[in-house]
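To keep things clear, I will list the structure first and then write my remarks on it.
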Amino acid sequence: MSKIKLYIYIFNIYILFFIIFLTITKINAIEILIRNNDNLLNLNDIIFKNQIDNKLTLNFIDHYYDMTKFPNCLDIKSLTDTSIIGNSNGTVFDFKNDKMGYLKITHDGNGKAIVIKNIIFKNYYNKGFIRTKNEISLISFIALSDNFSFAISNCTFQNSYNNIIYLDITTSISTLVNPIIIENCNFYNNYEQIIKNYHHYSYYYPYIYKDISINIKNCNFINNRGLVQSMLSLITFENCYFSKIEKDSLNETKGAFYQSQFGGEYLIIKNSLFENINIDTETPLIYGSYLELEILNTTFSNCYSNYGYLINLYKNIYMRPIKIVNTSFINTCTIFNGNSNTFEITGSSFRNITLKNSLPAIIDSVYSDINISNTEFIDLNITSSLFNNQSKNIFLDNITFKNINTNSKALLKFEYNNFYINNLKVDNIKCNGDIRYSSLILINSVEKKYNIHIKGLSITNSISNGPFIVIMGEAVEFILEDSNIHNVKSYGPIIDIISNDNKVTIKDSNITNNKNEDKEDDGIFHFENSLKIEIYESRFENNNSKYDGGAICIKNILNLELNLTDNIFIKNRARNGGALYLSDKKVNNKNDYSKEKRNTNYMDNNYNNDDDDKLNNTKKNIINIKNTKFFKNKANNFGGAIFYEFTNQYYDIKTSNNEILNNNAGIMGGGIHSNNWTNTNFIDTYNNKIDNNTVISYFKNDYSSKISYISLDTKLVDNLIETHSGQPFQLQFSLYDDYDNVITDITKYYSSMILKITIKEIQQFDKLNNNINNKKRDDNEYSIYGNICSFINGVCTLNQLQIFSFPKTYLVKVVIENYNDKVVFQFKDIKIKINDCDDEQIKIYNKNGLLYCENPKCNPNCPVDISAYCKKYYNESINNPNLNICECLPGYNGIYCENKIFIDYSEINEIILITTLICISIIILFIIFTIYNKKKSVVNDTGIIKICIISIGIILYFISSLFLTYSDFLDCYFFILFKHVGILLIISMLYLIISVNFELGFGNNKNDNTINNLIFKTTSIQEEGENEEQYSNNIEANNEISGNSISSIKNILNQIKKNKKLNSKNTINEVNESVLQKIKKIKNIFFEIILFDFILICILILFLFFKYMNHQKDNDINSNIIKNKNNEWSFKCDLNEMDFIFNSLEFISFIKIAIMGNRILEFSNIFKITKYITYSIQFAVIFGPLANIVSFIFLNNQRYGKIKFDFYFNSLFNFIIFISISWEKIYLIIKGKGNDSTKYFIYRRHDLCEKHSSTTCSCKLNITNIELLNYTQNSIMFYKICTSFYEIIDGKITYISNESKIDILYNSNIFPHNNH
């Protein structure tokens, strides 16, 4: 309860204090109610007498007051806080076009507040005063110090013909606490200034405007004239509306809405709207001298002035920026005018602006800095640029240009200023000015270095009647990065930099689908004069220039430093240089923007070698191109990817890791074309990939140059041509480029170029008078015909060049017509010596009396120069075909030399036939002899089948000789067939014999000794006391064993077939593995030979057959007839080349057999025939295949000599082979030793004698004759078993396997048996 009482007590005290406060307030405030019908003439006295308390309120409670009833001046002093208040609906003060009742407020700086509220002021007119700047205003506020408060609220001012509010304020240096406030007011249809202030100050300082602050909020200004005149004050318009503003009637007024009277003023406009303003006098909306201006969140719509500008600002002395933030300018005239300003425009937009004058559309302020960010320029239709070209520095950040049409020289035109752009988006811009003189950006650096930095530039879907961006003047540093230029069509380059001194950097940019429509201006990017260019990581794609340089054109080079790194040039197109064009050729270089033609047509070929036109050839120029790709670019004329012409400057060119692929040119240089006058090589082909570049899409031409030199193709001795008068002769010349390639002019570009031959007599030395014979000669002493030709595919041929003259010597002069460029003749002076007529020629004189030589003419039936020649009948003057004699050429005969004289083979055929029959007969007799003695061991053991096959091969070889003089294809066919089938049989058998003995023979190898001990040692050793009778009996037994060896093999195989148990089943594991390997290897050799022979014979027969069938289809008999060295004719066989190939293969085969044979010469356990074969091959190979190879190379056009050479040497070859296989058998059989195997088989019976280093002396005899015979018999049996593969048993062919051969070896007691 005590707490509740306490709360009640506190509440009562609070109520008491509140009542006391209300009482005191009521006592200190006076309110005077004033009505329209009151006597108001003494109102000033009433006001004065009641200003005794803290606050005085004049409450005009009626709706309407007739101000003519008021005193002349309503004079209010700031003795108390004073308020003039109308009713809530607004009290009307009607001045009825008079000045009676105007307000004069005097404030003595005592801090009192003056308030005017809810009053409608209308029809104020001070008729008694001429309109001056000092006239009486409707409301005059005079403050004697800066300690005051003045506010006008909820008032309306309309139809006033004089100034409405005049502020006369005296200040000291202080910070104004209570600004003048005008809020929620309306100003309608007023004819003179609305607000005018005058500032009295003790001394001036930079921020003096802070001493007076006028805040105008939530006000409407409609149809007023001359709104504000300010002096050294800060005026803020916030959330206001302005419409229909005109200049007032005072001549001195410079701004229809606002003017700064003295300088150093500050104007802020925010959250406001200006619309439907059309000032019909030459007065801007805002005029300021030394004015600081801020416009925030405001819209200007449909605002114009006949002055041409909305805002005129001069000389911002402290360079504080003019700030335009989040403001829209829609459908206005030029906005800013002045000089020496700093503009900061951000978050704003400029839209729907249409101007037909030549004023800059946005800012026309010289020597000013312009900084614009996050701003849009959309739907503009103007005739001039956006900004004054003499601004100091331009900074554009995140700017959008869209849907802009301009007829000016440039939308952005600058002089004397630096330029920086970041993120500028340009879309659908049309620069429709004069042809070649209308651009998006035009920059002239004039006399100083100019810095331009553009980053994030995006240009799309735009058109220009001139170069899109032009940079000219003295010196420029230009940077373009992270930019995209797409689908721009210009009448000139997209970027045209022609300043005297240029430093250009382009990186991370994409230049695509752009077109230069000017047929006399170059490139998408064009550069001139002194240049330092760096282009990195950029892409140039699908650009098209109707002149030179589909992507980049660099001309008029004074000095150059060019770096291209990591770029891509793809599908660009131009007249010359589909992607890149470089030239230091001096052409019209006018570094201004009024040129009619900047470039020259290099194809005019006007070579100028005047000294005044020469550049400094000691200047070093640098070109570096690295990691850059040129793909599918196209030039209508020259240089599908790159075109360059360097005159007499020095260039240090380095290129690496570049790709120039699939580019195309219309005339020459599918990849690169050089139009050089120097020997500069542009691309290092070793460090760069250049391929698949073409001319007219199909002719491969990676690089070319203009005509470098003309060569003489006709081979001359000492550059002298000796001919006869009137005799036609030929000269041929070729065009070459700098790469030493013949200019294959498939487009006939140089077809109009004419080469003409003229001659001049060489004055002869007169030996008799020891001086030069200088007698004058008649111009008619010679005639020349056929001395003009044109170049077709780079070749000019004078086929019928004729000179009619007496015997003299002339110097040839070559003249080029229809080509004005420099051409080097890369040949020595040509001399033509006109000789007297040859003995076989006829001397004839033409109508000019000039001698000429004529070859005799014969009857038309005489085949002159084919098979006959024409022999003259008269020596001079008469060339009668009916009298001249038709003489046959060697190799022809007949009345008209119609018959060919063929080689007569009758003699050599007779020799070949006799020799062949004799040789074949001998070989056949040998075969019969061999078959007859087939049971003799020397025949049986060495292999009768092998001997017969070799003999048949030799017979076939001799049979082929019968066709050696072939005269048709069929004879040639049989010659090749018999010859090579025969020699193939010989090679196969010789190789089989040598290889089997090589495998089964014993050398000094340890393994061979092991095999010898295992296989060939018999179980019982003969006693030493053997005698000759026993040896002879063993020899006879050998013949029986040899004859029955086949039967023994058959019996053992028959037992295997009947599944009888053999000894080898228990002992097979005892056989040395080497024996098995040898058996297998011999089997492989045998079957390889059979397969090899079969394949080669099939190939030979099939090839010959197809050749024969093709020959049958060829009906031209003369196609295979050739003339030999002796002028006789013979048949040329189409199989000669194949014969040469087989001869070469056979030569290699014989060499291989000889090498293997040499290795077994020191072997034992081999047949002696292997040694004979080895020795014979070493000689025979020279007379066989090698002789055929030699004759093919050296005697191919001497058929008769070749036949004799081949026959004699080949016969000797066959004879040597035959002797090697036959003599031993014939000799041993005749001697009765045909069964003694020791005579034809080698078995080592001696150990090595260290004393004599021999195994043939009798010092180390280790076995007896009987043992030797037994060992040789076992060895021969082992040979037979290893080389047997098939046997006929019971009328069936039985294959002998390797296992069966082991069984045969054991069961025939060749292997020793263990007794267990």
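Letters A, B, ... mark the chains of the structure tokens in the order given; residue numbers begin at 1 per chain; ligand numbers begin at 1, in order shown.
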Report task. Identify, on the basis of only C-alpha atoms, every residue whose closest approach to region 476-483 of chain A does not exceed 6 Å; exclude the query and any residue fewer than 4 positions from it along the same chain; express the result as a list in words. Result ->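 Listing them by chain and then by number gives Lys449, Tyr450, Asn451, Ile452, His453, Ile454, Lys455, Gly456, Leu457, Ser458, Asn502, Lys503, Val504, Thr505, Ile506, Lys507, Asp508 and Ser509 of chain A.
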Write out as an MDAnalysis selection string the residues lying within 7 Å of Leu801 (chain A), counting only C-alpha atoms and excluding same-chain residues fewer than 5 positions away. chainID A and resid 728:730 785:787
Using only C-alpha atoms, I'd like a table of the residues in region 810-922 of chain A that come within 12 Å of region 1183-1202 of chain A; for each, show the closest atom pair and its distance in Å rounded to one decimal, ordered by chain and ascending number, as CSV.
```
residue,atom,partner,partner_atom,distance
A:Phe902,CA,A:Tyr1200,CA,10.7
A:Ile903,CA,A:Tyr1200,CA,7.3
A:Asp904,CA,A:Tyr1200,CA,8.7
A:Tyr905,CA,A:Tyr1200,CA,7.7
A:Ser906,CA,A:Tyr1200,CA,11.1
A:Glu907,CA,A:Tyr1200,CA,10.7
A:Ile908,CA,A:Tyr1200,CA,8.6
A:Asn909,CA,A:Tyr1200,CA,10.9
```
Between CA of Leu310 (chain A) and CA of Thr281 (chain A) lies a distance of 11.8 Å
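Nearest to Gly670 (chain A) of all the residues A:Glu183, A:Asp369, A:Glu645, A:Asp702 is A:Asp702, based on only C-alpha atoms.
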Checklist entry - Which is closer to Phe121 (chain A) than all the others in A:Lys96, A:Lys104, A:Lys843, A:Lys979, using only C-alpha atoms? => result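 Using only C-alpha atoms, the shortest distance to Phe121 (chain A) belongs to A:Lys96.
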Would you mind listing what lies within 7 Å of region 563-575 of chain A as a PyMOL selection string, with only C-alpha atoms counted and same-chain residues fewer than 6 positions away left out?
chain A and resi 533-551+623-637
Using only C-alpha atoms, which protein or nucleic acid residues come within 8 Å of Asn428 (chain A)? Drop anything in the same chain fewer than 4 positions from it, and give the result as a VMD selection string.
chain A and resid 402 to 404 460 to 463
Would you pick out the contacts of Asn89 (chain A) at 10 Å or less, using only C-alpha atoms, so that residues sharing its chain but fewer than 6 positions from it are not included, and give the list as a PyMOL selection string? chain A and resi 61-63+118-120+154
Could you give me the residues within region 1200-1243 of chain A that DSSP places in helix (DSSP H, G or I), as an MDAnalysis selection string? chainID A and resid 1200:1230 1237:1240
All residues 10 Å or closer to Ser140 (chain A), only C-alpha atoms, same chain fewer than 6 positions away omitted, as a PyMOL selection string = chain A and resi 75+102-106+163-168+195-197
Those residues with N, CA, C and O atoms, as a PDB file, in the first residue's frame please?
```pdb
ATOM      1  N   ASP A  75       5.493  46.121 -42.027  1.00  0.00           N
ATOM      2  CA  ASP A  75       6.855  46.191 -41.488  1.00  0.00           C
ATOM      3  C   ASP A  75       6.935  45.383 -40.201  1.00  0.00           C
ATOM      4  O   ASP A  75       6.242  45.675 -39.230  1.00  0.00           O
ATOM      5  N   TYR A 102       3.087  44.841 -49.193  1.00  0.00           N
ATOM      6  CA  TYR A 102       4.250  43.962 -49.295  1.00  0.00           C
ATOM      7  C   TYR A 102       4.931  43.864 -47.939  1.00  0.00           C
ATOM      8  O   TYR A 102       4.817  44.750 -47.099  1.00  0.00           O
ATOM      9  N   LEU A 103       5.632  42.792 -47.715  1.00  0.00           N
ATOM     10  CA  LEU A 103       6.216  42.503 -46.411  1.00  0.00           C
ATOM     11  C   LEU A 103       7.684  42.917 -46.391  1.00  0.00           C
ATOM     12  O   LEU A 103       8.441  42.594 -47.299  1.00  0.00           O
ATOM     13  N   LYS A 104       8.005  43.601 -45.298  1.00  0.00           N
ATOM     14  CA  LYS A 104       9.397  43.948 -45.049  1.00  0.00           C
ATOM     15  C   LYS A 104       9.753  43.449 -43.666  1.00  0.00           C
ATOM     16  O   LYS A 104       9.172  43.894 -42.669  1.00  0.00           O
ATOM     17  N   ILE A 105      10.678  42.539 -43.605  1.00  0.00           N
ATOM     18  CA  ILE A 105      11.052  41.913 -42.346  1.00  0.00           C
ATOM     19  C   ILE A 105      12.498  42.276 -42.068  1.00  0.00           C
ATOM     20  O   ILE A 105      13.390  42.034 -42.884  1.00  0.00           O
ATOM     21  N   THR A 106      12.662  42.904 -40.897  1.00  0.00           N
ATOM     22  CA  THR A 106      14.018  43.304 -40.492  1.00  0.00           C
ATOM     23  C   THR A 106      14.402  42.518 -39.254  1.00  0.00           C
ATOM     24  O   THR A 106      13.686  42.518 -38.251  1.00  0.00           O
ATOM     25  N   ASN A 163       9.676  40.877 -58.161  1.00  0.00           N
ATOM     26  CA  ASN A 163      10.413  39.875 -57.390  1.00  0.00           C
ATOM     27  C   ASN A 163       9.591  39.475 -56.177  1.00  0.00           C
ATOM     28  O   ASN A 163       8.913  40.303 -55.562  1.00  0.00           O
ATOM     29  N   ILE A 164       9.699  38.223 -55.818  1.00  0.00           N
ATOM     30  CA  ILE A 164       8.864  37.720 -54.728  1.00  0.00           C
ATOM     31  C   ILE A 164       9.615  37.752 -53.406  1.00  0.00           C
ATOM     32  O   ILE A 164       9.151  38.350 -52.428  1.00  0.00           O
ATOM     33  N   ILE A 165      10.778  37.126 -53.326  1.00  0.00           N
ATOM     34  CA  ILE A 165      11.498  37.041 -52.051  1.00  0.00           C
ATOM     35  C   ILE A 165      12.882  37.644 -52.256  1.00  0.00           C
ATOM     36  O   ILE A 165      13.645  37.226 -53.130  1.00  0.00           O
ATOM     37  N   TYR A 166      13.163  38.634 -51.407  1.00  0.00           N
ATOM     38  CA  TYR A 166      14.482  39.272 -51.429  1.00  0.00           C
ATOM     39  C   TYR A 166      15.114  39.066 -50.067  1.00  0.00           C
ATOM     40  O   TYR A 166      14.524  39.380 -49.030  1.00  0.00           O
ATOM     41  N   LEU A 167      16.362  38.536 -50.085  1.00  0.00           N
ATOM     42  CA  LEU A 167      17.068  38.245 -48.847  1.00  0.00           C
ATOM     43  C   LEU A 167      18.322  39.088 -48.811  1.00  0.00           C
ATOM     44  O   LEU A 167      19.180  38.984 -49.711  1.00  0.00           O
ATOM     45  N   ASP A 168      18.419  39.920 -47.759  1.00  0.00           N
ATOM     46  CA  ASP A 168      19.592  40.790 -47.595  1.00  0.00           C
ATOM     47  C   ASP A 168      20.193  40.454 -46.243  1.00  0.00           C
ATOM     48  O   ASP A 168      19.641  40.817 -45.196  1.00  0.00           O
ATOM     49  N   ILE A 195      13.376  34.266 -55.959  1.00  0.00           N
ATOM     50  CA  ILE A 195      14.270  34.412 -54.804  1.00  0.00           C
ATOM     51  C   ILE A 195      15.510  35.160 -55.270  1.00  0.00           C
ATOM     52  O   ILE A 195      16.128  34.812 -56.276  1.00  0.00           O
ATOM     53  N   LYS A 196      15.843  36.184 -54.490  1.00  0.00           N
ATOM     54  CA  LYS A 196      17.066  36.933 -54.743  1.00  0.00           C
ATOM     55  C   LYS A 196      17.715  37.216 -53.412  1.00  0.00           C
ATOM     56  O   LYS A 196      17.055  37.674 -52.479  1.00  0.00           O
ATOM     57  N   ASN A 197      18.995  36.921 -53.284  1.00  0.00           N
ATOM     58  CA  ASN A 197      19.644  37.203 -52.007  1.00  0.00           C
ATOM     59  C   ASN A 197      20.901  38.022 -52.221  1.00  0.00           C
ATOM     60  O   ASN A 197      21.550  37.953 -53.263  1.00  0.00           O
TER      61      ASN A 197
END
```
Problem set entry | Contacts of Tyr209 (chain A) within 8 Å, only C-alpha atoms, excl. fewer than 4 positions in-chain, as a PyMOL selection string | chain A and resi 213+232-234+264-266
Quiz item: With only C-alpha atoms as the atoms that count, which of A:Asn559, A:Asn1214, A:Ser583, A:Asn312 lies nearest to Ile642 (chain A)?
Solution: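 Of all the options, A:Ser583 lies closest to Ile642 (chain A).
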Q.
Here is a test: counting only C-alpha atoms, which residue of A:Ile834, A:Ala868, A:Ile330, A:Leu359 is nearest to Glu376 (chain A)?
A.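 Among A:Ile834, A:Ala868, A:Ile330, A:Leu359, it is A:Ile330 that comes nearest to Glu376 (chain A).
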What separates CA of Lys247 (chain A) and CA of Ser365 (chain A) is a distance of 22.5 Å
CA of Leu964 (chain A) to CA of Tyr892 (chain A) measures 24.2 Å
What residues in region 795-848 of chain A get the DSSP label strand (DSSP E or B)? Please answer as number ranges by chain.
A: 795-805, 809-817, 824-825, 831-835, 842-845
